[in-house]
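Asker: The following block contains the structure, expressed as structure tokens.
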Amino acid sequence: MDKVTASPRIPRLRLDELLEELQARIDDVRGTRDRVQNLLEAVLAVGRELELTQVLERIVAAAATLVDAEYAALGVIGPDGRTLVQFLTVGLADDEIKAIGPYPTGKGILGELIRHPQPLRLRDLAEHSSSAGFPANHPPMQSFLGVPVRVREEVFGNLYLTDKRGGEDFDAEDEAVLATLAVAAGVAIDNARLYQEARRQQSWLRANAEITRSLLSGSSRGEVLELIAQRAREITGAEVADVVVPVAGTDRFSVELALGGDAARRRGLTMPAEGTLSGAAYGQGCPVTSPDLGADARFTAGPRHFDGLGPAVAVPLGAATGQVQGVLLLARSTGGPGFGADEIGPLLGFADQAALALELAERRRDAEQLTLLEDRDRIARDLHDLAIQRLFATGMTLQSAARFIDHSGAEERVMRAVGDLDETIKIIRTTIFGLRTREEEARQSLRSRAVRAVAEAQQLLGFAPRLSMEGLLDTDVPPQLADHVVAVLTEALSNAARHAHAGQVQVTLRATDSQVLVVVADDGVGIPAEGRRSGLRNLALRAEETGGALRLGTPAGGGTHLEWNAPLRPETIPRDGAVQP
């Protein structure tokens, strides 16, 4: 009886084993099927996006899901092929990222995959010879899987996965799945880049058409330059855009136009040609780039007004013609992508249009000046040939007719009219002479001399002082007093440049009915209690000599407020030229 019951139990046990093995294989097939399904869904999700940033975010999120990784990252390799310029992560919270500090640049294991773009699978990161450890506040990581992402046979970046959930190691199947995703990611990235390039080209074409219309409509130089800088900034996603032009007769540059960031502080700044990004582009006549303008050791000269900015490019204006007239400088925020060849090419065409704007503005000024001179010559000729001759003939006629007038009072009036006509002829002749010598006189006017003094001080200060002029400075201020005013202005600006360490200087020149006033105010360190005061003594002596006064003060916000005045007529103000508090 026992033998009869025992014999069927053995086949049943084997059948159970076979069923369990079959179930396991079915589960494996089902798992593989689910994984393939997840992979297909990931490929579709990645390929559905057209914006490059969104594509990259989808890729790294899909990679983490497919291999069940705790942490995932996608590092984009820069133009130099050695460093990472963009790093997208999954699994780290914002406060963790902030505590860790700057994103990696491609050292250690990350750099190993950059140098050798082949799949890399590790049980323990620390065991690899290229391991460089983790920065402070970085979470511990052990298992690792890395796969390169190629776009048209060129390595675009790398996928990095760490810490498979459940404490398991990444296996060959994980590697195969991730490699498949990397291929799909390369196609999606290529499509997104083509889409981005097409949109950028459309933007450049629209901007070029807009600038051409502006040039042809007769817009001013400043308006066209601002339009060019604004459109270049918008299309490239730059944080700041500056137009820098050379200062005539010097080896320095001045920021003529500034957009974005601290534009008001940059506008008017002067900088040397040597040791600056703009100077390098101007001297070489070709675009010059910097991966990090704020920290680039090549460009440290001049005022530090680019701190906090990252990738930058300086494009010469007019390089195609061989006559560089200035530089268009664009800079992105720290951590932004660098400027590639696909962006610099259109920028060169844009820069040529900026050079055309400068050239047209110069030609318009010349044409306007020529028209003005021609009008003056015509007016002078008409006054001489027509007005004077007719007045002279009228005077001769009246003078001849006066002999036939018997009434003494009437004769006297006629002769007085003849005298008035003679005086009028003299005035017209003086006006004619003035029309032909006005340009030279304009260069010697007080306003023109003040503008030149302020422009010369710009090179010493490193920025352009603000100048305000009011009143009849050229007509009411006597020439000798105008010489004193220019000397005072020059000395005051020189003192501000040498001693004040100021960031802003405001100059006011005003002529009233009774006096001329010079005010120079800065936001510097003020006047030290101890130190040389020879410059101030000179200003005080000039005030005393002209019957005016010199007053010094410290505004509530700090700095120096210098006020110098002198009477237009010596009797209008007492002679109290001592320095007053």
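Chains: A, B, ... in order of the structure tokens. Residues: from 1 per chain. Ligands: from 1, in order shown.
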Which stretch 211-247 of chain A residues have any atom within 10 Å of an atom of stretch 306-311 of chain A, and for each, what is the nearest pair of atoms with distance in Å to one decimal, counting only C-alpha atoms, rows sorted by chain and number, as CSV?
Answerer:
residue,atom,partner,partner_atom,distance
A:Ala238,CA,A:Pro311,CA,9.0
A:Glu239,CA,A:Leu309,CA,7.9
A:Val240,CA,A:Leu309,CA,8.7
Asker: Keeping only C-alpha atoms, write the selected residues as a PDB file, in the first residue's frame.
Answerer:
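result_35.pdb, freshly written:
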ATOM      1  CA  ALA A 238      22.753  87.255 -22.695  1.00  0.00           C
ATOM      2  CA  GLU A 239      22.522  88.986 -19.339  1.00  0.00           C
ATOM      3  CA  VAL A 240      24.297  92.159 -20.510  1.00  0.00           C
TER       4      VAL A 240
END
Asker: Kindly assemble as JSON lines a list of the stretch 53-130 of chain A residues that lie within 12 Å of stretch 163-184 of chain A, each paired with its nearest atom pair and their distance in Å to one decimal, using only C-alpha atoms, sorted first by chain and then by ascending residue number.
Answerer:
{"residue": "A:Val55", "atom": "CA", "partner": "A:Ala184", "partner_atom": "CA", "distance": 11.1}
{"residue": "A:Leu56", "atom": "CA", "partner": "A:Ala182", "partner_atom": "CA", "distance": 11.1}
{"residue": "A:Arg58", "atom": "CA", "partner": "A:Leu181", "partner_atom": "CA", "distance": 11.1}
{"residue": "A:Ile59", "atom": "CA", "partner": "A:Leu181", "partner_atom": "CA", "distance": 8.0}
{"residue": "A:Val60", "atom": "CA", "partner": "A:Leu181", "partner_atom": "CA", "distance": 9.9}
{"residue": "A:Ala61", "atom": "CA", "partner": "A:Leu181", "partner_atom": "CA", "distance": 11.3}
{"residue": "A:Ala62", "atom": "CA", "partner": "A:Leu181", "partner_atom": "CA", "distance": 8.4}
{"residue": "A:Ala63", "atom": "CA", "partner": "A:Leu178", "partner_atom": "CA", "distance": 6.5}
{"residue": "A:Ala64", "atom": "CA", "partner": "A:Lys164", "partner_atom": "CA", "distance": 9.1}
{"residue": "A:Thr65", "atom": "CA", "partner": "A:Lys164", "partner_atom": "CA", "distance": 10.3}
{"residue": "A:Leu66", "atom": "CA", "partner": "A:Val177", "partner_atom": "CA", "distance": 7.4}
{"residue": "A:Val67", "atom": "CA", "partner": "A:Asp174", "partner_atom": "CA", "distance": 5.6}
{"residue": "A:Asp68", "atom": "CA", "partner": "A:Lys164", "partner_atom": "CA", "distance": 5.8}
{"residue": "A:Ala69", "atom": "CA", "partner": "A:Lys164", "partner_atom": "CA", "distance": 4.3}
{"residue": "A:Glu70", "atom": "CA", "partner": "A:Asp163", "partner_atom": "CA", "distance": 5.4}
{"residue": "A:Tyr71", "atom": "CA", "partner": "A:Asp163", "partner_atom": "CA", "distance": 6.6}
{"residue": "A:Ala72", "atom": "CA", "partner": "A:Asp163", "partner_atom": "CA", "distance": 9.1}
{"residue": "A:Leu74", "atom": "CA", "partner": "A:Ala182", "partner_atom": "CA", "distance": 10.7}
{"residue": "A:Gly91", "atom": "CA", "partner": "A:Asp163", "partner_atom": "CA", "distance": 10.7}
{"residue": "A:Pro117", "atom": "CA", "partner": "A:Ala179", "partner_atom": "CA", "distance": 12.0}
{"residue": "A:Gln118", "atom": "CA", "partner": "A:Ala179", "partner_atom": "CA", "distance": 10.0}
{"residue": "A:Pro119", "atom": "CA", "partner": "A:Glu175", "partner_atom": "CA", "distance": 7.4}
{"residue": "A:Leu120", "atom": "CA", "partner": "A:Glu175", "partner_atom": "CA", "distance": 8.5}
{"residue": "A:Arg121", "atom": "CA", "partner": "A:Phe170", "partner_atom": "CA", "distance": 7.0}
{"residue": "A:Leu122", "atom": "CA", "partner": "A:Phe170", "partner_atom": "CA", "distance": 7.8}
{"residue": "A:Arg123", "atom": "CA", "partner": "A:Asp169", "partner_atom": "CA", "distance": 6.0}
{"residue": "A:Asp124", "atom": "CA", "partner": "A:Asp169", "partner_atom": "CA", "distance": 9.0}
{"residue": "A:Leu125", "atom": "CA", "partner": "A:Asp163", "partner_atom": "CA", "distance": 10.1}
Asker: Using C-alpha atoms, can you write the selected residues to a file as a PDB file, in the first residue's frame?
Answerer:
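As a result, part-v7.pdb now contains:
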ATOM      1  CA  VAL A  55      14.683  67.297 -23.734  1.00  0.00           C
ATOM      2  CA  LEU A  56      17.675  67.059 -21.400  1.00  0.00           C
ATOM      3  CA  ARG A  58      13.290  64.266 -19.806  1.00  0.00           C
ATOM      4  CA  ILE A  59      16.373  62.192 -20.612  1.00  0.00           C
ATOM      5  CA  VAL A  60      17.864  62.266 -17.120  1.00  0.00           C
ATOM      6  CA  ALA A  61      14.472  61.590 -15.486  1.00  0.00           C
ATOM      7  CA  ALA A  62      13.811  58.648 -17.832  1.00  0.00           C
ATOM      8  CA  ALA A  63      17.272  57.186 -17.150  1.00  0.00           C
ATOM      9  CA  ALA A  64      16.673  57.169 -13.396  1.00  0.00           C
ATOM     10  CA  THR A  65      13.300  55.460 -13.834  1.00  0.00           C
ATOM     11  CA  LEU A  66      14.464  52.785 -16.293  1.00  0.00           C
ATOM     12  CA  VAL A  67      17.330  51.442 -14.151  1.00  0.00           C
ATOM     13  CA  ASP A  68      15.659  52.225 -10.825  1.00  0.00           C
ATOM     14  CA  ALA A  69      18.507  54.519  -9.688  1.00  0.00           C
ATOM     15  CA  GLU A  70      18.401  56.729  -6.607  1.00  0.00           C
ATOM     16  CA  TYR A  71      20.410  59.492  -8.279  1.00  0.00           C
ATOM     17  CA  ALA A  72      20.860  60.463 -11.930  1.00  0.00           C
ATOM     18  CA  LEU A  74      23.374  64.379 -17.308  1.00  0.00           C
ATOM     19  CA  GLY A  91      17.288  62.809  -6.796  1.00  0.00           C
ATOM     20  CA  PRO A 117      33.567  57.632 -23.711  1.00  0.00           C
ATOM     21  CA  GLN A 118      32.598  54.004 -23.121  1.00  0.00           C
ATOM     22  CA  PRO A 119      29.979  52.508 -20.770  1.00  0.00           C
ATOM     23  CA  LEU A 120      31.359  52.198 -17.243  1.00  0.00           C
ATOM     24  CA  ARG A 121      29.784  50.010 -14.525  1.00  0.00           C
ATOM     25  CA  LEU A 122      31.164  49.891 -10.949  1.00  0.00           C
ATOM     26  CA  ARG A 123      30.183  48.075  -7.772  1.00  0.00           C
ATOM     27  CA  ASP A 124      31.827  50.784  -5.662  1.00  0.00           C
ATOM     28  CA  LEU A 125      32.870  54.232  -6.847  1.00  0.00           C
TER      29      LEU A 125
END
Asker: Just the number, please: distance in Å from atom CA of A:Gly318 to atom CA of A:Ala281, one decimal.
Answerer: 11.5 Å
Asker: Taking only C-alpha atoms into account, name the residue in A:Asp420, A:Glu456, A:Glu359, A:Glu223 that is nearest to A:Arg252.
Answerer: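 Of all the options, A:Glu456 lies closest to A:Arg252.
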Asker: Quick one: pick out all strand (DSSP E) residues within stretch 393-579 of chain A from a backbone DSSP run and write them as a PyMOL selection string.
Answerer: chain A and resi 466-470+505-511+515-522+549-553+560-567+579
Asker: Name the residues in contact with A:Ile109 at a cut-off of 9 Å, using only C-alpha atoms, excluding same-chain residues fewer than 4 positions from it; report them as a ChimeraX atom specification.
Answerer: /A:113-114,125,128-132
Asker: Select, from A:Ala73, A:Arg363, A:Glu49, A:Gln86, the residue with the minimum atom-to-atom distance to A:Leu145, counting only C-alpha atoms.
Answerer: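 Selected residue with least distance to A:Leu145: A:Ala73.
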Asker: Restricting the calculation to only C-alpha atoms, which member of A:Pro246, A:Ala264, A:Ala417, A:Val155 is positioned closest to A:Gly283?
Answerer: A:Pro246
Asker: Residues within 12 Å of A:Leu421, please, as an mmCIF file with C-alpha atoms, in the first residue's frame. Count only C-alpha atoms; anything in the same chain fewer than 5 positions from it doesn't count.
Answerer:
data_model
loop_
_atom_site.group_PDB
_atom_site.id
_atom_site.type_symbol
_atom_site.label_atom_id
_atom_site.label_comp_id
_atom_site.auth_asym_id
_atom_site.auth_seq_id
_atom_site.Cartn_x
_atom_site.Cartn_y
_atom_site.Cartn_z
ATOM 1 C CA ALA A 387 20.675 143.279 -48.929
ATOM 2 C CA ILE A 388 23.789 145.389 -48.502
ATOM 3 C CA GLN A 389 23.757 146.664 -52.069
ATOM 4 C CA ARG A 390 20.101 147.676 -51.857
ATOM 5 C CA LEU A 391 20.569 149.342 -48.478
ATOM 6 C CA PHE A 392 23.624 151.178 -49.788
ATOM 7 C CA ALA A 393 21.704 152.349 -52.858
ATOM 8 C CA THR A 394 18.777 153.472 -50.682
ATOM 9 C CA GLY A 395 21.156 155.434 -48.457
ATOM 10 C CA MET A 396 22.790 157.140 -51.432
ATOM 11 C CA THR A 397 19.346 158.063 -52.781
ATOM 12 C CA LEU A 398 18.218 159.546 -49.461
ATOM 13 C CA GLN A 399 21.492 161.412 -49.053
ATOM 14 C CA VAL A 414 16.579 162.000 -43.507
ATOM 15 C CA MET A 415 20.279 162.280 -42.665
ATOM 16 C CA ARG A 416 19.647 160.376 -39.421
ATOM 17 C CA LYS A 426 28.036 147.523 -40.745
ATOM 18 C CA ILE A 427 25.963 145.133 -38.588
ATOM 19 C CA ILE A 428 25.148 142.954 -41.592
#
Asker: Check the DSSP output for the backbone and give back, as an MDAnalysis selection string, the residues of stretch 305-539 of chain A in helix (DSSP H, G or I).
Answerer: chainID A and resid 319:321 341:404 408:443 446:461 473:476 479:500 534:539
Asker: For A:Pro465, list every protein, DNA or RNA residue within 10 Å, evaluated using only C-alpha atoms, and leave out those in the same chain fewer than 2 positions away; present the list as an MDAnalysis selection string.
Answerer: chainID A and resid 268:269 454:455 457:458 461:463 467:468 493 503:507 520:522
Asker: Given the selection you just returned, output its residues as a file containing C-alpha atoms, formatted as a JSON list (two decimals), in the first residue's frame.
Answerer:
[["chain", "number", "residue", "atom", "x", "y", "z"],
["A", 268, "GLY", "CA", 30.50, 105.86, -19.81],
["A", 269, "LEU", "CA", 33.20, 103.71, -18.16],
["A", 454, "VAL", "CA", 34.83, 116.73, -18.79],
["A", 455, "ALA", "CA", 35.74, 114.36, -21.65],
["A", 457, "ALA", "CA", 38.62, 113.82, -17.09],
["A", 458, "GLN", "CA", 36.78, 110.67, -18.16],
["A", 461, "LEU", "CA", 38.17, 108.81, -13.58],
["A", 462, "GLY", "CA", 37.44, 105.62, -15.53],
["A", 463, "PHE", "CA", 33.85, 106.72, -16.19],
["A", 467, "LEU", "CA", 27.49, 117.37, -17.07],
["A", 468, "SER", "CA", 24.67, 119.90, -16.81],
["A", 493, "LEU", "CA", 37.81, 117.05, -11.70],
["A", 503, "GLY", "CA", 31.97, 106.02, -8.60],
["A", 504, "GLN", "CA", 29.94, 109.02, -9.78],
["A", 505, "VAL", "CA", 30.73, 112.69, -10.43],
["A", 506, "GLN", "CA", 28.11, 115.34, -11.19],
["A", 507, "VAL", "CA", 29.21, 118.63, -12.80],
["A", 520, "VAL", "CA", 31.38, 119.44, -8.75],
["A", 521, "ALA", "CA", 29.86, 116.73, -6.52],
["A", 522, "ASP", "CA", 31.10, 113.14, -6.06]]
Asker: Identify, on the basis of only C-alpha atoms, every residue whose closest approach to A:Thr236 does not exceed 9 Å; exclude the query and any residue fewer than 6 positions from it along the same chain; express the result as number ranges by chain.
Answerer: A: 200, 330, 332, 339, 343
Asker: In Å, with one decimal, what is the gap from atom CA of A:Gly335 to atom CA of A:Gly81?
Answerer: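 The value is 16.9 Å.
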Asker: I'd like to know which of A:Gly326, A:Gly524, A:Pro140, A:Gly75 is closest to A:Ala354, using only C-alpha atoms.
Answerer: A:Gly326
Asker: Return the single residue from A:Gly547, A:Pro291, A:Trp204, A:Pro346 that is closest to A:Ser333, with distances computed using only C-alpha atoms.
Answerer: A:Pro291
